[in-house]
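Source file input_28.pdb; content: PDB, C-alpha atoms.
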```pdb
MODEL        1
ATOM      1  CA  MET A   1     -74.073  24.508 136.721
ATOM      2  CA  THR A   2     -71.060  23.837 138.943
ATOM      3  CA  PRO A   3     -72.066  23.942 142.622
ATOM      4  CA  SER A   4     -70.458  26.678 144.664
ATOM      5  CA  ARG A   5     -67.669  25.668 147.026
ATOM      6  CA  PRO A   6     -68.461  25.750 150.760
ATOM      7  CA  LEU A   7     -67.166  28.794 152.577
ATOM      8  CA  ASP A   8     -64.262  28.431 154.961
ATOM      9  CA  VAL A   9     -66.267  30.067 157.727
ATOM     10  CA  GLY A  10     -63.527  29.568 160.322
ATOM     11  CA  ALA A  11     -61.035  31.529 158.254
ATOM     12  CA  LEU A  12     -63.639  34.194 157.479
ATOM     13  CA  LEU A  13     -64.488  34.613 161.161
ATOM     14  CA  THR A  14     -60.802  34.988 161.989
ATOM     15  CA  SER A  15     -60.439  37.608 159.263
ATOM     16  CA  ALA A  16     -63.611  39.400 160.375
ATOM     17  CA  ALA A  17     -62.346  39.514 163.955
ATOM     18  CA  GLY A  18     -59.198  41.133 162.581
ATOM     19  CA  GLY A  19     -61.203  43.932 160.997
ATOM     20  CA  ASP A  20     -61.780  42.494 157.497
ATOM     21  CA  ARG A  21     -65.152  44.011 156.580
ATOM     22  CA  ARG A  22     -65.396  42.022 153.368
ATOM     23  CA  ALA A  23     -65.063  38.762 155.297
ATOM     24  CA  LEU A  24     -67.773  39.907 157.700
ATOM     25  CA  ALA A  25     -70.035  40.843 154.782
ATOM     26  CA  ARG A  26     -69.643  37.345 153.297
ATOM     27  CA  LEU A  27     -70.538  35.752 156.617
ATOM     28  CA  LEU A  28     -73.611  37.964 156.948
ATOM     29  CA  SER A  29     -74.716  36.988 153.441
ATOM     30  CA  ALA A  30     -74.338  33.325 154.372
ATOM     31  CA  ALA A  31     -76.413  33.820 157.524
ATOM     32  CA  GLU A  32     -79.077  35.647 155.540
ATOM     33  CA  ARG A  33     -79.311  32.899 152.915
ATOM     34  CA  GLY A  34     -79.260  30.027 155.374
ATOM     35  CA  GLY A  35     -78.160  26.642 154.006
ATOM     36  CA  GLU A  36     -75.014  24.788 154.988
ATOM     37  CA  ASP A  37     -72.727  27.833 154.933
ATOM     38  CA  GLY A  38     -75.181  29.843 156.991
ATOM     39  CA  ARG A  39     -75.562  27.094 159.568
ATOM     40  CA  ALA A  40     -71.785  26.626 159.792
ATOM     41  CA  ALA A  41     -71.249  30.355 160.339
ATOM     42  CA  ALA A  42     -74.059  30.536 162.886
ATOM     43  CA  SER A  43     -72.692  27.497 164.744
ATOM     44  CA  LEU A  44     -69.172  28.882 165.083
ATOM     45  CA  ALA A  45     -70.419  32.311 166.111
ATOM     46  CA  TYR A  46     -72.744  30.785 168.692
ATOM     47  CA  ARG A  47     -70.023  28.653 170.235
ATOM     48  CA  SER A  48     -67.768  31.684 170.560
ATOM     49  CA  GLY A  49     -70.065  32.956 173.312
ATOM     50  CA  ALA A  50     -69.525  36.555 172.160
ATOM     51  CA  GLU A  51     -72.240  39.052 173.088
ATOM     52  CA  ALA A  52     -73.054  42.534 171.813
ATOM     53  CA  ASP A  53     -75.268  45.181 173.349
ATOM     54  CA  THR A  54     -78.332  45.479 171.130
ATOM     55  CA  VAL A  55     -80.923  48.187 170.520
ATOM     56  CA  GLY A  56     -84.069  47.630 168.451
ATOM     57  CA  ILE A  57     -85.754  50.539 166.679
ATOM     58  CA  THR A  58     -89.278  49.916 165.390
ATOM     59  CA  GLY A  59     -92.298  52.010 164.456
ATOM     60  CA  ALA A  60     -94.676  52.767 161.626
ATOM     61  CA  PRO A  61     -93.287  53.483 158.138
ATOM     62  CA  GLY A  62     -92.557  57.170 157.769
ATOM     63  CA  ALA A  63     -91.872  57.674 161.466
ATOM     64  CA  GLY A  64     -88.334  58.832 160.668
ATOM     65  CA  LYS A  65     -86.578  55.808 162.144
ATOM     66  CA  SER A  66     -83.676  55.808 159.688
ATOM     67  CA  THR A  67     -82.928  59.488 160.262
ATOM     68  CA  LEU A  68     -83.155  58.854 163.992
ATOM     69  CA  VAL A  69     -80.744  55.912 163.731
ATOM     70  CA  ASP A  70     -78.390  58.083 161.690
ATOM     71  CA  ARG A  71     -78.353  60.602 164.545
ATOM     72  CA  LEU A  72     -77.977  57.825 167.139
ATOM     73  CA  ILE A  73     -74.886  56.567 165.331
ATOM     74  CA  ALA A  74     -73.330  60.007 165.691
ATOM     75  CA  ALA A  75     -74.341  60.201 169.368
ATOM     76  CA  ALA A  76     -72.862  56.770 170.073
ATOM     77  CA  ARG A  77     -69.602  57.553 168.304
ATOM     78  CA  THR A  78     -69.313  60.876 170.123
ATOM     79  CA  GLY A  79     -70.155  59.067 173.356
ATOM     80  CA  GLY A  80     -67.159  56.773 173.068
ATOM     81  CA  VAL A  81     -68.454  53.728 171.165
ATOM     82  CA  ASP A  82     -65.475  52.662 169.068
ATOM     83  CA  GLN A  83     -67.392  50.354 166.781
ATOM     84  CA  LEU A  84     -71.048  49.662 166.029
ATOM     85  CA  ALA A  85     -73.236  48.003 163.425
ATOM     86  CA  VAL A  86     -76.697  48.723 162.059
ATOM     87  CA  LEU A  87     -79.014  46.037 160.675
ATOM     88  CA  ALA A  88     -81.753  47.638 158.564
ATOM     89  CA  VAL A  89     -84.320  44.834 158.378
ATOM     90  CA  ASP A  90     -86.970  44.528 155.656
ATOM     91  CA  PRO A  91     -89.330  41.565 156.134
ATOM     92  CA  THR A  92     -91.286  42.458 152.979
ATOM     93  CA  SER A  93     -88.796  41.534 150.241
ATOM     94  CA  PRO A  94     -88.811  37.718 149.982
ATOM     95  CA  PHE A  95     -89.111  37.768 146.189
ATOM     96  CA  SER A  96     -86.531  40.366 145.270
ATOM     97  CA  GLY A  97     -83.958  38.693 147.508
ATOM     98  CA  GLY A  98     -82.731  41.992 148.889
ATOM     99  CA  ALA A  99     -83.640  44.549 151.492
ATOM    100  CA  ILE A 100     -84.683  48.096 150.747
ATOM    101  CA  LEU A 101     -81.785  50.456 150.318
ATOM    102  CA  GLY A 102     -83.454  53.678 151.469
ATOM    103  CA  ASP A 103     -82.176  53.213 155.004
ATOM    104  CA  ARG A 104     -78.590  52.951 153.819
ATOM    105  CA  VAL A 105     -78.992  56.052 151.671
ATOM    106  CA  ARG A 106     -80.198  58.036 154.688
ATOM    107  CA  MET A 107     -77.205  56.822 156.701
ATOM    108  CA  GLN A 108     -74.626  57.365 153.986
ATOM    109  CA  GLY A 109     -72.960  60.115 156.002
ATOM    110  CA  HIS A 110     -71.264  57.299 157.951
ATOM    111  CA  ASP A 111     -70.023  55.378 154.903
ATOM    112  CA  LEU A 112     -66.448  56.565 155.393
ATOM    113  CA  ASP A 113     -66.454  55.833 159.135
ATOM    114  CA  ALA A 114     -64.443  52.637 159.656
ATOM    115  CA  GLY A 115     -66.139  52.197 163.035
ATOM    116  CA  VAL A 116     -69.630  51.872 161.524
ATOM    117  CA  PHE A 117     -70.943  48.872 159.554
ATOM    118  CA  ILE A 118     -74.398  49.284 157.993
ATOM    119  CA  ARG A 119     -76.142  46.237 156.554
ATOM    120  CA  SER A 120     -79.580  45.832 154.950
ATOM    121  CA  MET A 121     -81.207  42.444 155.512
ATOM    122  CA  ALA A 122     -84.235  40.813 153.896
ATOM    123  CA  SER A 123     -86.023  37.571 154.720
ATOM    124  CA  ARG A 124     -84.863  35.600 151.647
ATOM    125  CA  GLY A 125     -85.149  31.863 152.295
ATOM    126  CA  HIS A 126     -83.700  31.542 155.781
ATOM    127  CA  LEU A 127     -85.026  28.616 157.820
ATOM    128  CA  GLY A 128     -86.949  30.220 160.669
ATOM    129  CA  GLY A 129     -87.179  33.610 158.968
ATOM    130  CA  LEU A 130     -85.834  36.929 160.147
ATOM    131  CA  ALA A 131     -86.589  36.113 163.774
ATOM    132  CA  VAL A 132     -83.685  33.648 163.552
ATOM    133  CA  ALA A 133     -81.531  35.298 160.866
ATOM    134  CA  VAL A 134     -81.250  38.570 162.798
ATOM    135  CA  PRO A 135     -79.900  36.993 166.040
ATOM    136  CA  GLU A 136     -77.417  35.028 163.936
ATOM    137  CA  ALA A 137     -76.245  38.216 162.247
ATOM    138  CA  ILE A 138     -75.941  39.929 165.636
ATOM    139  CA  ARG A 139     -73.761  37.069 166.906
ATOM    140  CA  LEU A 140     -71.549  37.344 163.832
ATOM    141  CA  PHE A 141     -71.060  41.041 164.573
ATOM    142  CA  ALA A 142     -70.287  40.215 168.208
ATOM    143  CA  THR A 143     -67.812  37.509 167.219
ATOM    144  CA  ALA A 144     -66.105  40.034 164.947
ATOM    145  CA  GLY A 145     -65.678  42.323 167.965
ATOM    146  CA  THR A 146     -68.575  44.737 167.439
ATOM    147  CA  PRO A 147     -69.822  45.835 170.892
ATOM    148  CA  LEU A 148     -73.080  47.508 169.791
ATOM    149  CA  VAL A 149     -75.663  46.495 167.180
ATOM    150  CA  ILE A 150     -78.692  48.643 166.314
ATOM    151  CA  VAL A 151     -81.551  46.785 164.612
ATOM    152  CA  GLU A 152     -84.036  48.883 162.656
ATOM    153  CA  THR A 153     -87.258  47.402 161.232
ATOM    154  CA  VAL A 154     -89.476  48.947 158.588
ATOM    155  CA  GLY A 155     -92.836  48.628 160.342
ATOM    156  CA  VAL A 156     -94.828  47.494 163.363
ATOM    157  CA  GLY A 157     -96.351  44.207 162.256
ATOM    158  CA  GLN A 158     -95.843  40.935 164.111
ATOM    159  CA  VAL A 159     -92.587  40.105 162.336
ATOM    160  CA  GLU A 160     -91.114  43.541 162.993
ATOM    161  CA  VAL A 161     -92.084  43.455 166.669
ATOM    162  CA  GLU A 162     -90.533  39.976 167.004
ATOM    163  CA  VAL A 163     -87.315  41.161 165.407
ATOM    164  CA  ALA A 164     -87.131  44.305 167.523
ATOM    165  CA  SER A 165     -87.786  42.301 170.688
ATOM    166  CA  ALA A 166     -84.691  40.207 169.934
ATOM    167  CA  THR A 167     -82.663  43.071 171.426
ATOM    168  CA  ASP A 168     -81.730  44.229 174.923
ATOM    169  CA  THR A 169     -83.510  47.566 174.547
ATOM    170  CA  THR A 170     -86.447  48.236 172.228
ATOM    171  CA  VAL A 171     -87.296  51.772 171.121
ATOM    172  CA  VAL A 172     -90.736  52.347 169.585
ATOM    173  CA  VAL A 173     -90.921  55.447 167.390
ATOM    174  CA  VAL A 174     -94.240  57.174 166.712
ATOM    175  CA  ASN A 175     -95.294  60.398 165.047
ATOM    176  CA  PRO A 176     -97.793  63.060 166.073
ATOM    177  CA  LYS A 177    -101.333  61.774 165.403
ATOM    178  CA  TRP A 178     -99.969  58.232 165.299
ATOM    179  CA  GLY A 179    -102.910  56.431 166.915
ATOM    180  CA  ASP A 180    -105.018  55.392 163.932
ATOM    181  CA  SER A 181    -102.124  54.066 161.850
ATOM    182  CA  ILE A 182    -101.023  51.386 164.327
ATOM    183  CA  GLN A 183    -104.059  51.061 166.589
ATOM    184  CA  ALA A 184    -104.149  47.262 166.250
ATOM    185  CA  ASN A 185    -100.555  46.945 167.363
ATOM    186  CA  LYS A 186    -100.801  48.956 170.591
ATOM    187  CA  ALA A 187    -100.868  45.902 172.838
ATOM    188  CA  GLY A 188     -97.794  44.425 171.191
ATOM    189  CA  LEU A 189     -96.015  47.754 171.334
ATOM    190  CA  LEU A 190     -96.722  48.120 175.029
ATOM    191  CA  GLU A 191     -95.277  44.687 175.697
ATOM    192  CA  THR A 192     -92.253  45.350 173.517
ATOM    193  CA  ALA A 193     -91.292  48.963 174.177
ATOM    194  CA  ASP A 194     -88.636  49.912 176.695
ATOM    195  CA  ILE A 195     -88.540  53.494 175.416
ATOM    196  CA  PHE A 196     -91.108  55.485 173.433
ATOM    197  CA  VAL A 197     -90.068  58.286 171.089
ATOM    198  CA  VAL A 198     -92.434  60.843 169.607
ATOM    199  CA  ASN A 199     -90.408  61.891 166.571
ATOM    200  CA  LYS A 200     -91.144  64.960 164.449
ATOM    201  CA  ALA A 201     -92.145  66.594 167.722
ATOM    202  CA  ASP A 202     -92.136  70.009 166.068
ATOM    203  CA  MET A 203     -95.332  69.061 164.222
ATOM    204  CA  PRO A 204     -98.879  69.626 165.522
ATOM    205  CA  GLY A 205    -100.224  66.779 167.635
ATOM    206  CA  ALA A 206     -96.996  65.858 169.437
ATOM    207  CA  ALA A 207     -98.367  66.747 172.877
ATOM    208  CA  GLN A 208    -101.510  64.704 172.248
ATOM    209  CA  SER A 209     -99.434  61.717 171.145
ATOM    210  CA  ARG A 210     -97.460  61.950 174.355
ATOM    211  CA  ARG A 211    -100.658  62.052 176.415
ATOM    212  CA  ASP A 212    -102.015  59.015 174.526
ATOM    213  CA  LEU A 213     -98.873  57.070 175.346
ATOM    214  CA  GLU A 214     -98.982  58.135 178.990
ATOM    215  CA  GLN A 215    -102.583  56.915 179.226
ATOM    216  CA  MET A 216    -101.627  53.594 177.635
ATOM    217  CA  LEU A 217     -98.863  53.148 180.180
ATOM    218  CA  ASP A 218    -101.170  54.130 183.051
ATOM    219  CA  LEU A 219    -103.556  51.335 182.037
ATOM    220  CA  SER A 220    -100.830  48.728 181.650
ATOM    221  CA  THR A 221     -99.453  46.404 184.310
ATOM    222  CA  PRO A 222     -96.867  48.438 186.228
ATOM    223  CA  GLY A 223     -93.302  47.196 186.543
ATOM    224  CA  ASP A 224     -90.011  48.376 187.930
ATOM    225  CA  TRP A 225     -89.228  49.996 184.575
ATOM    226  CA  ARG A 226     -91.767  52.440 183.159
ATOM    227  CA  PRO A 227     -90.876  53.227 179.543
ATOM    228  CA  PRO A 228     -89.922  56.899 179.282
ATOM    229  CA  ILE A 229     -91.526  58.975 176.538
ATOM    230  CA  LEU A 230     -89.117  61.255 174.719
ATOM    231  CA  GLU A 231     -89.677  63.881 172.053
ATOM    232  CA  THR A 232     -87.226  64.173 169.167
ATOM    233  CA  VAL A 233     -86.806  65.968 165.884
ATOM    234  CA  ALA A 234     -84.441  63.607 164.109
ATOM    235  CA  ALA A 235     -84.010  65.947 161.155
ATOM    236  CA  THR A 236     -82.269  68.473 163.398
ATOM    237  CA  GLY A 237     -80.936  66.131 166.075
ATOM    238  CA  GLN A 238     -83.152  67.599 168.788
ATOM    239  CA  GLY A 239     -83.603  65.153 171.674
ATOM    240  CA  VAL A 240     -81.270  62.500 170.265
ATOM    241  CA  ASP A 241     -78.647  62.908 172.994
ATOM    242  CA  GLU A 242     -81.397  62.426 175.579
ATOM    243  CA  LEU A 243     -82.508  59.260 173.773
ATOM    244  CA  TRP A 244     -78.975  57.903 173.758
ATOM    245  CA  GLY A 245     -78.797  58.637 177.480
ATOM    246  CA  GLU A 246     -82.063  56.745 178.141
ATOM    247  CA  ILE A 247     -80.768  53.751 176.168
ATOM    248  CA  GLY A 248     -77.755  53.715 178.464
ATOM    249  CA  ARG A 249     -79.959  54.103 181.529
ATOM    250  CA  HIS A 250     -82.060  51.114 180.483
ATOM    251  CA  ARG A 251     -78.942  49.018 180.009
ATOM    252  CA  THR A 252     -77.784  49.981 183.515
ATOM    253  CA  TYR A 253     -81.204  49.074 184.898
ATOM    254  CA  LEU A 254     -81.078  45.610 183.289
ATOM    255  CA  GLU A 255     -77.639  44.948 184.722
ATOM    256  CA  GLU A 256     -78.343  46.253 188.236
ATOM    257  CA  ALA A 257     -81.678  44.414 188.432
ATOM    258  CA  GLY A 258     -80.031  41.177 187.319
ATOM    259  CA  LEU A 259     -82.288  40.996 184.253
ATOM    260  CA  LEU A 260     -79.829  41.102 181.367
ATOM    261  CA  VAL A 261     -78.636  37.490 181.579
ATOM    262  CA  PRO A 262     -82.175  36.027 182.001
ATOM    263  CA  LEU A 263     -83.407  38.233 179.131
ATOM    264  CA  ARG A 264     -80.751  36.897 176.782
ATOM    265  CA  ARG A 265     -81.335  33.328 177.960
ATOM    266  CA  GLU A 266     -85.048  33.656 177.202
ATOM    267  CA  ARG A 267     -84.234  34.945 173.716
ATOM    268  CA  LEU A 268     -82.041  31.911 173.050
ATOM    269  CA  GLU A 269     -84.816  29.592 174.180
ATOM    270  CA  ARG A 270     -87.251  31.296 171.773
ATOM    271  CA  GLU A 271     -84.697  31.100 168.987
ATOM    272  CA  PHE A 272     -84.200  27.355 169.557
ATOM    273  CA  ARG A 273     -87.940  26.788 169.278
ATOM    274  CA  ARG A 274     -88.131  28.803 166.057
ATOM    275  CA  VAL A 275     -85.307  26.789 164.530
ATOM    276  CA  LEU A 276     -86.993  23.582 165.661
ATOM    277  CA  ARG A 277     -90.314  24.632 164.130
ATOM    278  CA  GLY A 278     -88.528  25.454 160.894
ATOM    279  CA  ARG A 279     -86.855  22.045 160.792
ATOM    280  CA  ILE A 280     -90.164  20.295 161.464
ATOM    281  CA  GLU A 281     -91.875  22.245 158.677
ATOM    282  CA  THR A 282     -89.088  21.226 156.316
ATOM    283  CA  GLU A 283     -89.561  17.607 157.366
ATOM    284  CA  ILE A 284     -93.297  17.862 156.677
ATOM    285  CA  ASP A 285     -92.538  19.052 153.161
ATOM    286  CA  ARG A 286     -90.277  16.014 152.689
ATOM    287  CA  LEU A 287     -92.894  13.600 154.049
ATOM    288  CA  SER A 288     -95.516  15.009 151.673
ATOM    289  CA  GLY A 289     -93.590  13.376 148.828
ATOM    290  CA  LEU A 290     -93.917   9.860 150.264
ATOM    291  CA  PRO A 291     -96.483   7.472 148.710
ATOM    292  CA  HIS A 292     -97.966   6.739 152.133
ATOM    293  CA  PHE A 293     -98.644  10.455 152.601
ATOM    294  CA  ALA A 294    -100.670  10.567 149.377
ATOM    295  CA  GLU A 295    -102.738   7.568 150.511
ATOM    296  CA  LEU A 296    -103.497   9.161 153.867
ATOM    297  CA  ASP A 297    -104.189  12.504 152.222
ATOM    298  CA  SER A 298    -106.828  10.917 149.984
ATOM    299  CA  ALA A 299    -108.358   9.132 152.961
ATOM    300  CA  VAL A 300    -108.719  12.427 154.826
ATOM    301  CA  VAL A 301    -110.170  14.286 151.822
ATOM    302  CA  GLU A 302    -112.695  11.479 151.253
ATOM    303  CA  HIS A 303    -113.677  11.474 154.949
ATOM    304  CA  ARG A 304    -112.512   7.893 155.417
ATOM    305  CA  LEU A 305    -110.025   9.004 158.048
ATOM    306  CA  ASP A 306    -109.823  12.000 160.375
ATOM    307  CA  PRO A 307    -106.688  14.210 160.239
ATOM    308  CA  TYR A 308    -105.532  13.261 163.752
ATOM    309  CA  THR A 309    -105.546   9.524 163.067
ATOM    310  CA  ALA A 310    -103.912  10.107 159.678
ATOM    311  CA  ALA A 311    -101.112  12.111 161.292
ATOM    312  CA  GLU A 312    -100.536   9.373 163.887
ATOM    313  CA  GLN A 313    -100.408   6.704 161.178
ATOM    314  CA  LEU A 314     -97.957   8.740 159.105
ATOM    315  CA  LEU A 315     -95.641   9.281 162.065
ATOM    316  CA  ALA A 316     -95.853   5.589 162.971
ATOM    317  CA  HIS A 317     -95.035   4.660 159.375
ATOM    318  CA  VAL A 318     -92.059   7.026 159.345
ATOM    319  CA  GLY A 319     -90.774   5.536 162.612
ATOM    320  CA  GLU A 320     -91.084   1.977 161.357
ATOM    321  CA  ASN A 321     -89.179   2.778 158.179
ATOM    322  CA  GLY A 322     -86.486   4.811 159.903
ATOM    323  CA  SER A 323     -86.987   7.804 157.650
ATOM    324  CA  GLY A 324     -87.748  10.416 160.284
ATOM    325  CA  PRO A 325     -85.708  13.490 161.221
ATOM    326  CA  GLY A 326     -82.074  12.766 161.831
ATOM    327  CA  SER A 327     -82.100   9.396 160.038
ATOM    328  CA  HIS A 328     -80.806  10.637 156.708
TER     329      HIS A 328
ENDMDL
END
```
So, in terms of structure tokens, how does the structure I just supplied come out?
Amino acid sequence: MTPSRPLDVGALLTSAAGGDRRALARLLSAAERGGEDGRAAASLAYRSGAEADTVGITGAPGAGKSTLVDRLIAAARTGGVDQLAVLAVDPTSPFSGGAILGDRVRMQGHDLDAGVFIRSMASRGHLGGLAVAVPEAIRLFATAGTPLVIVETVGVGQVEVEVASATDTTVVVVNPKWGDSIQANKAGLLETADIFVVNKADMPGAAQSRRDLEQMLDLSTPGDWRPPILETVAATGQGVDELWGEIGRHRTYLEEAGLLVPLRRERLEREFRRVLRGRIETEIDRLSGLPHFAELDSAVVEHRLDPYTAAEQLLAHVGENGSGPGSH
């Protein structure tokens, strides 16, 4: 099969910055896949220094996040945001190669709005996973001139919390009687959430859910920002304007407290470490094909050598032969 030609990412970025949505879509696909094209696109976008305001929306499946995001899009557009993007992230589809489409269906009312770009994203084979692919996609949006990116995840597991925390403001959405479904994730949610939303607040149990959250916050380490707890009914739009207002208030707080720049710097440092870990894991896979690796592997399995000494010998062997990272 004839190999595909490398993308001209510079030309695509120029076109995307000029409003070419197809060019932007191709760049996002490259970032999602990884590989040489993805790295080239990510590199150019990074060096542009462009930044976008970002909002993460996470919560248990069925919490109504997509409907809430749909309403937030309308609130943002009405509030004067000329252009925004939505990344609907699905960490659970590595085999199908695509993200779930339900989110896009629920947001289809904005399909004809030229100021809204909605993109589903799955993990696929990206080096470093979604925790790296999502920031790269955000930077591509920013480089194309998009001032606001909303990131929605499908659940509240570790991956989803990591992805949501790669944003300036993180909104955690729960439902009435939410406690049992995500009990194990409460600590992570407390650390991650800047705003709590009790959605479907017209259902029984909403007041109890609010009290549970208040108690959780009372027991947590206090800070200058106490996450507000809002009640919404996304299906009707109730409370969404208030949520949009709180998102803006949190952004103002970050700026006035001098926290926005350090927050973004810390995210970049985490991203660098994730990329580095991914590169090291790839290098380990390459080393496992060397004859010396097989010899050491047998020695460890047969208890002739402990794993620590074997690892040191392998690294020493790689250094002597000049076949380590960066030498090929």
### For A:Val174, the nearest of the candidates A:Thr58, A:Thr252, A:Ser66, A:Ser220, counting only C-alpha atoms
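Using only C-alpha atoms, the shortest distance to A:Val174 belongs to A:Thr58.
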### Who sits within 9 Å of A:Ala23, all atoms listed in the file, same chain under 3 positions skipped, as a PyMOL selection string
chain A and resi 11-16+19-20+26-28
### Message
I need the residue nearest A:Glu295 from this list: A:Ser165, A:Gln313, A:Thr192, A:Ser43. Use all atoms listed in the file for the distance.
### Response
A:Gln313
### Query
Could you work out how far atom CA of A:Ala164 lies from atom CA of A:Glu256, giving the answer in Å with one decimal?
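These atoms are spaced 22.6 Å apart.
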### Task
For A:Gln238, list every protein, DNA or RNA residue within 12 Å, evaluated using all atoms listed in the file, and leave out those in the same chain fewer than 5 positions away; present the list as number ranges by chain.
A: 67-68, 71-72, 75, 197-202, 230-233, 243-244
### Task
List every protein, DNA or RNA residue that has at least one atom no more than 12 Å from (-81.4, 60.2, 179.5) in the file's coordinates, counting only C-alpha atoms, and write the result as JSON, numbers by chain.
{"A": [195, 227, 228, 229, 230, 231, 239, 240, 241, 242, 243, 244, 245, 246, 247, 248, 249, 250, 251, 252]}
### Message
Under the rule that only C-alpha atoms are counted, which of A:Leu276, A:Leu287, A:Val69, A:Leu84 is the nearest residue to A:Gly145?
### Response
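For A:Gly145, the nearest of the given residues is A:Leu84.
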### Message
Ranking A:Asp90, A:Asp194, A:Glu136, A:Asp212 by minimum distance to A:Glu32 and counting all atoms listed in the file, which one comes first?
### Response
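Of all the options, A:Glu136 lies closest to A:Glu32.
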### Query
Which value, in Å to one decimal, gives the distance between atom CA of A:Leu314 and atom CA of A:Phe293?
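Going from atom CA of A:Leu314 over to atom CA of A:Phe293 covers 6.8 Å.
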### Query
Hey, can you pull every residue with an atom no more than 7 Å from (-72.2, 38.6, 171.9), using all atoms listed in the file, and send it as a VMD selection string?
chain A and resid 49 to 52 139 142 to 143
### Query
When you draw a straight line from atom CA of A:Gly38 to atom CA of A:Pro6, how long is it in Å?
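Result for atom CA of A:Gly38 versus atom CA of A:Pro6: 10.0 Å, one decimal.
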#### Entry: Who sits within 6 Å of A:Val172, all atoms listed in the file, same chain under 6 positions skipped, as a ChimeraX atom specification
/A:58-59,193,196
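Compared by their closest atoms to A:Val86, and using all atoms listed in the file, the residues A:Gly64, A:Gly115, A:Gly223, A:Pro176 rank with A:Gly115 nearest.
Ranking A:Thr221, A:Gln158, A:Leu140, A:Ala85 by their shortest atom-to-atom distance to A:Ala17, with all atoms listed in the file included, puts A:Leu140 first.
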### Task
For the structure shown, which residues end up in the PyMOL selection byres ((chain A and resi 61) around 6)? Put them as a list in words, please?
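That selection, the PyMOL selection byres ((chain A and resi 61) around 6), comes back as Ala60, Gly62, Ala63, Val154 and Gly155 of chain A.
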